[in-house]
Amino acid sequence: MPIEKLPFGRTGHASTRTIFGAAAFMYDWTTQAHVDRALGLVERYGLNHIDTAASYGEAEVWLEPWLREHRAEVFLATKTEQRERGPAHDEIRRSLERLGVDHVDLIQLHNLVAKDEWETAMGAGGALEAAVAARDEGLVRFIGVTGHGIDVAERHLESLAEFHFDSVLLPYNYPQQQDERYNATFEELLAECARRDVAVQTIKSLSKGRWQSDDHHAAPWYEPITDPGAIRTAVAWTLARPGIFLNTVSDVNLLEHVLAAAADPGVPPSDEQMAQVAADERMRPLFDAANPI
């Protein structure tokens with residue numbers, strides 16, 4: 001069963017609702033076997049949107065050989081975490097070189113949440129100017145903003161008030177939405193994005209919260225759900241929300257479970273069913289007053 005496609009905001013591209021997150025290639029232990037396995041799944045499930053970042057280790061480099069043959073088939077996004085125009089200008093061009101492409105479809109200001117960094121990036125001589133210049137030169141087609149933390153939805157609203165971003169990206173999962181403040185600003189952001197036709201990408205769909213011990217049995221910096229049944233429910237719960245996209249987990253070993261669930265999500269689970277999974281999996285908010293970022 002093919003994964004559903006939706007218009008990616010006002011870009012004119014119909015993206016698969018599940019977007020491949022190349023953060024899965026950011027680790028020092030990444031091998032060609034990891035890359036081949038993941039991109040084989042991308043092909044098998046027909047994903048047509050890939051998201052990476054300059055700061056994801058060698059992820060852009062790992063993608064380059066595959067993109068030689070498949071560039072025309074995918075909407076390609078990367079990110080810059082630089083805050084000033086000059087360094088952002090250079091990093092965008094370095095990303096193009098590493099990816100082996102003459103343009104990307106989407107450049108995103110990466111994790112733009114801290115107020116001082118936001119003021120620098122959005123102000124005179126900031127990274128946003130570099131992104132706009134790259135768009136004017138045809139090096140990028142669209143501009144987005146990403147982030148995480150307890151304040152991310154509020155900051156994205158401020159970003160949209162200042163500039164016509166084409167996409168946003170932020171966490172969305174059952175335990176995080178139980179934080180009343182986070183959920184309220186998330187809902188406000190979704191309403192504003194719908195009004196402006198801005199694409200909404202979500203991350204951390206499988207998050208159980210921060211690791212509770214040093215015994216890390218999976219790749220991400222947070223503890224992910226690993227039980228296939230629980231993954232299916234969590235993915236189905238996320239995709240039951242109309243209009244949003246789910247970026248895949250940064251663990252190649254969990255990728256097929258996520259894609260299988262996205263291809264056949266079945267009847268959307270109720271909040272009661274998701275609450276039971278959250279209890280069984282001991283899921284907790286990744287961000288809260290004690291852990292705001």
# chains A, B, ... in the order shown; residues from 1 in each chain; ligands from 1
call {"tool": "residues_around", "arguments": {"residues": "Ala234 in chain A", "least_positions_apart": "3", "cutoff": "9 Å", "atoms": "only C-alpha atoms", "output": "PyMOL selection string"}}
result
chain A and resi 173-174+205-206+225+229-231+237-239+261+269+274+277-278
call {"tool": "write_last_selection", "arguments": {"atoms": "C-alpha atoms", "output": "tab-separated table (two decimals), in the first residue's frame"}}
result
chain	number	residue	atom	x	y	z
A	173	ASN	CA	3.90	13.00	20.01
A	174	TYR	CA	1.35	11.87	22.56
A	205	SER	CA	6.96	10.56	16.98
A	206	LEU	CA	8.56	7.58	18.75
A	225	ILE	CA	9.85	3.13	21.22
A	229	GLY	CA	3.22	-2.86	17.84
A	230	ALA	CA	3.77	0.30	19.87
A	231	ILE	CA	5.54	1.92	16.91
A	237	TRP	CA	-1.68	8.39	16.10
A	238	THR	CA	0.60	11.02	14.56
A	239	LEU	CA	-0.69	10.53	11.02
A	261	ALA	CA	3.03	1.58	9.84
A	269	PRO	CA	-6.07	4.86	17.51
A	274	MET	CA	-2.59	5.85	22.76
A	277	VAL	CA	0.53	2.50	24.90
A	278	ALA	CA	2.15	5.51	26.57
call {"tool": "residues_around", "arguments": {"residues": "Phe25 in chain A", "least_positions_apart": "6", "cutoff": "9 Å", "atoms": "only C-alpha atoms", "output": "list of chain:residue names"}}
result
A:Thr31, A:His34, A:Val35, A:Tyr56, A:Gly57, A:Glu58, A:Ala59, A:Glu60, A:Trp62, A:Leu63, A:Ser250, A:Asp251, A:Val252
call {"tool": "select_by_dssp", "arguments": {"residues": "range 115-265 of chain A", "states": "strand (DSSP E or B)", "output": "ChimeraX atom specification"}}
result
/A:126,140-146,167-171,199-203,207-210,222-224,244-247
call {"tool": "closest_residue", "arguments": {"among": "A:Asp288, A:Arg17, A:Ala23, A:Lys5", "to": "Val235 in chain A", "atoms": "only C-alpha atoms"}}
result
A:Arg17
call {"tool": "closest_atom_pairs", "arguments": {"of": "range 14-132 of chain A", "to": "range 139-149 of chain A", "cutoff": "12 Å", "atoms": "only C-alpha atoms", "output": "CSV"}}
result
residue,atom,partner,partner_atom,distance
A:Asp51,CA,A:Thr146,CA,11.4
A:Thr52,CA,A:Thr146,CA,11.8
A:Ala53,CA,A:Thr146,CA,10.9
A:Phe75,CA,A:Arg141,CA,10.3
A:Leu76,CA,A:Val140,CA,9.7
A:Ala77,CA,A:Val140,CA,9.1
A:Thr78,CA,A:Gly144,CA,9.7
A:Lys79,CA,A:Thr146,CA,8.6
A:Thr80,CA,A:Val145,CA,9.7
A:Glu81,CA,A:Thr146,CA,9.8
A:His89,CA,A:Leu139,CA,10.7
A:Ile92,CA,A:Leu139,CA,8.5
A:Arg93,CA,A:Leu139,CA,8.2
A:Arg94,CA,A:Leu139,CA,11.5
A:Ser95,CA,A:Leu139,CA,10.6
A:Leu96,CA,A:Leu139,CA,8.2
A:Glu97,CA,A:Leu139,CA,11.3
A:Val101,CA,A:Leu139,CA,9.3
A:Asp102,CA,A:Leu139,CA,6.5
A:His103,CA,A:Leu139,CA,4.3
A:Val104,CA,A:Val140,CA,4.9
A:Asp105,CA,A:Arg141,CA,4.8
A:Leu106,CA,A:Phe142,CA,4.7
A:Ile107,CA,A:Ile143,CA,5.1
A:Gln108,CA,A:Gly144,CA,4.3
A:Leu109,CA,A:Val145,CA,4.7
A:His110,CA,A:Thr146,CA,5.1
A:Asn111,CA,A:Gly147,CA,3.7
A:Leu112,CA,A:Gly147,CA,5.6
A:Val113,CA,A:Gly147,CA,6.0
A:Ala114,CA,A:Gly147,CA,9.4
A:Glu117,CA,A:Gly147,CA,12.0
A:Trp118,CA,A:Val145,CA,10.6
A:Ala121,CA,A:Val145,CA,10.9
A:Met122,CA,A:Val145,CA,11.0
A:Ala127,CA,A:Val145,CA,11.2
A:Leu128,CA,A:Ile143,CA,8.7
A:Glu129,CA,A:Ile143,CA,10.9
A:Ala130,CA,A:Ile143,CA,10.6
A:Ala131,CA,A:Ile143,CA,6.9
A:Val132,CA,A:Ile143,CA,7.7
call {"tool": "atom_distance", "arguments": {"atom1": "CA of Ser55 in chain A", "atom2": "CA of Ile3 in chain A"}}
result
28.3 Å
call {"tool": "atom_distance", "arguments": {"atom1": "CA of Pro87 in chain A", "atom2": "CA of Leu160 in chain A"}}
result
23.0 Å
call {"tool": "atom_distance", "arguments": {"atom1": "CA of Asp166 in chain A", "atom2": "CA of Val200 in chain A"}}
result
9.1 Å
call {"tool": "closest_residue", "arguments": {"among": "A:Asp136, A:Glu256, A:Glu84, A:Asp271", "to": "Leu41 in chain A", "atoms": "only C-alpha atoms"}}
result
A:Glu256
call {"tool": "residues_around", "arguments": {"residues": "Val249 in chain A", "least_positions_apart": "2", "cutoff": "7 Å", "atoms": "only C-alpha atoms", "output": "list of chain:residue names"}}
result
A:Gly21, A:Lys204, A:Asn247, A:Asp251, A:Leu255
call {"tool": "write_last_selection", "arguments": {"atoms": "N, CA and C atoms", "output": "PDB file, in the first residue's frame"}}
result
ATOM      1  N   GLY A  21      14.231  11.037   7.243  1.00  0.00           N
ATOM      2  CA  GLY A  21      15.163  11.872   7.986  1.00  0.00           C
ATOM      3  C   GLY A  21      16.570  11.296   7.911  1.00  0.00           C
ATOM      4  N   LYS A 204      10.127  13.325  16.410  1.00  0.00           N
ATOM      5  CA  LYS A 204      10.054  12.673  17.729  1.00  0.00           C
ATOM      6  C   LYS A 204       8.766  11.875  17.925  1.00  0.00           C
ATOM      7  N   ASN A 247       8.496  13.052  10.109  1.00  0.00           N
ATOM      8  CA  ASN A 247       9.878  12.780   9.730  1.00  0.00           C
ATOM      9  C   ASN A 247      10.366  11.554  10.488  1.00  0.00           C
ATOM     10  N   ASP A 251      17.139   6.224  13.407  1.00  0.00           N
ATOM     11  CA  ASP A 251      17.657   4.900  13.734  1.00  0.00           C
ATOM     12  C   ASP A 251      17.278   3.963  12.591  1.00  0.00           C
ATOM     13  N   LEU A 255      13.544   2.001  11.130  1.00  0.00           N
ATOM     14  CA  LEU A 255      12.961   2.665   9.966  1.00  0.00           C
ATOM     15  C   LEU A 255      11.865   1.832   9.296  1.00  0.00           C
TER      16      LEU A 255
END
call {"tool": "closest_residue", "arguments": {"among": "A:Asp179, A:Asp116, A:Asp264, A:Glu223", "to": "Glu281 in chain A", "atoms": "only C-alpha atoms"}}
result
A:Glu223
call {"tool": "select_by_dssp", "arguments": {"residues": "range 202-293 of chain A", "states": "helix (DSSP H, G or I)", "output": "NGL selection string"}}
result
:A and (228-239 or 252-263 or 271-281)
call {"tool": "closest_residue", "arguments": {"among": "A:Thr248, A:Thr18, A:Gln178, A:Ser167", "to": "Pro285 in chain A", "atoms": "only C-alpha atoms"}}
result
A:Gln178
call {"tool": "closest_residue", "arguments": {"among": "A:Gly40, A:Tyr27, A:Arg10, A:Gly266", "to": "Phe165 in chain A", "atoms": "only C-alpha atoms"}}
result
A:Arg10
call {"tool": "residues_around", "arguments": {"residues": "Met1 in chain A", "least_positions_apart": "5", "cutoff": "10 Å", "atoms": "only C-alpha atoms", "output": "PyMOL selection string"}}
result
chain A and resi 45+260+262-264
call {"tool": "write_last_selection", "arguments": {"atoms": "all heavy atoms", "output": "CSV table (one decimal), in the first residue's frame"}}
result
chain,number,residue,atom,x,y,z
A,45,TYR,N,9.3,1.9,-0.3
A,45,TYR,CA,8.0,2.6,0.1
A,45,TYR,C,7.7,3.8,-0.6
A,45,TYR,O,6.7,4.5,-0.3
A,45,TYR,CB,8.2,2.8,1.7
A,45,TYR,CG,8.0,1.6,2.5
A,45,TYR,CD1,9.1,0.8,2.9
A,45,TYR,CD2,6.7,1.1,2.9
A,45,TYR,CE1,8.9,-0.3,3.6
A,45,TYR,CE2,6.5,0.0,3.6
A,45,TYR,CZ,7.6,-0.7,4.0
A,45,TYR,OH,7.5,-1.9,4.8
A,260,ALA,N,6.4,0.8,7.5
A,260,ALA,CA,5.3,-0.2,7.4
A,260,ALA,C,4.0,0.3,8.0
A,260,ALA,O,2.9,0.2,7.5
A,260,ALA,CB,5.7,-1.5,8.0
A,262,ALA,N,3.3,3.5,8.4
A,262,ALA,CA,2.8,4.7,7.6
A,262,ALA,C,2.1,4.2,6.4
A,262,ALA,O,1.1,4.9,5.9
A,262,ALA,CB,4.0,5.6,7.3
A,263,ALA,N,2.6,3.1,5.8
A,263,ALA,CA,1.9,2.6,4.6
A,263,ALA,C,0.6,2.0,4.8
A,263,ALA,O,-0.3,2.0,4.0
A,263,ALA,CB,2.8,1.5,3.9
A,264,ASP,N,0.4,1.5,6.0
A,264,ASP,CA,-0.9,0.9,6.4
A,264,ASP,C,-1.3,1.2,7.8
A,264,ASP,O,-1.2,0.3,8.7
A,264,ASP,CB,-0.8,-0.6,6.2
A,264,ASP,CG,-2.2,-1.4,6.4
A,264,ASP,OD1,-3.2,-0.7,6.3
A,264,ASP,OD2,-2.1,-2.6,6.6
call {"tool": "closest_residue", "arguments": {"among": "A:Met26, A:Leu39, A:Ala134, A:Ala199", "to": "Pro242 in chain A", "atoms": "only C-alpha atoms"}}
result
A:Ala199
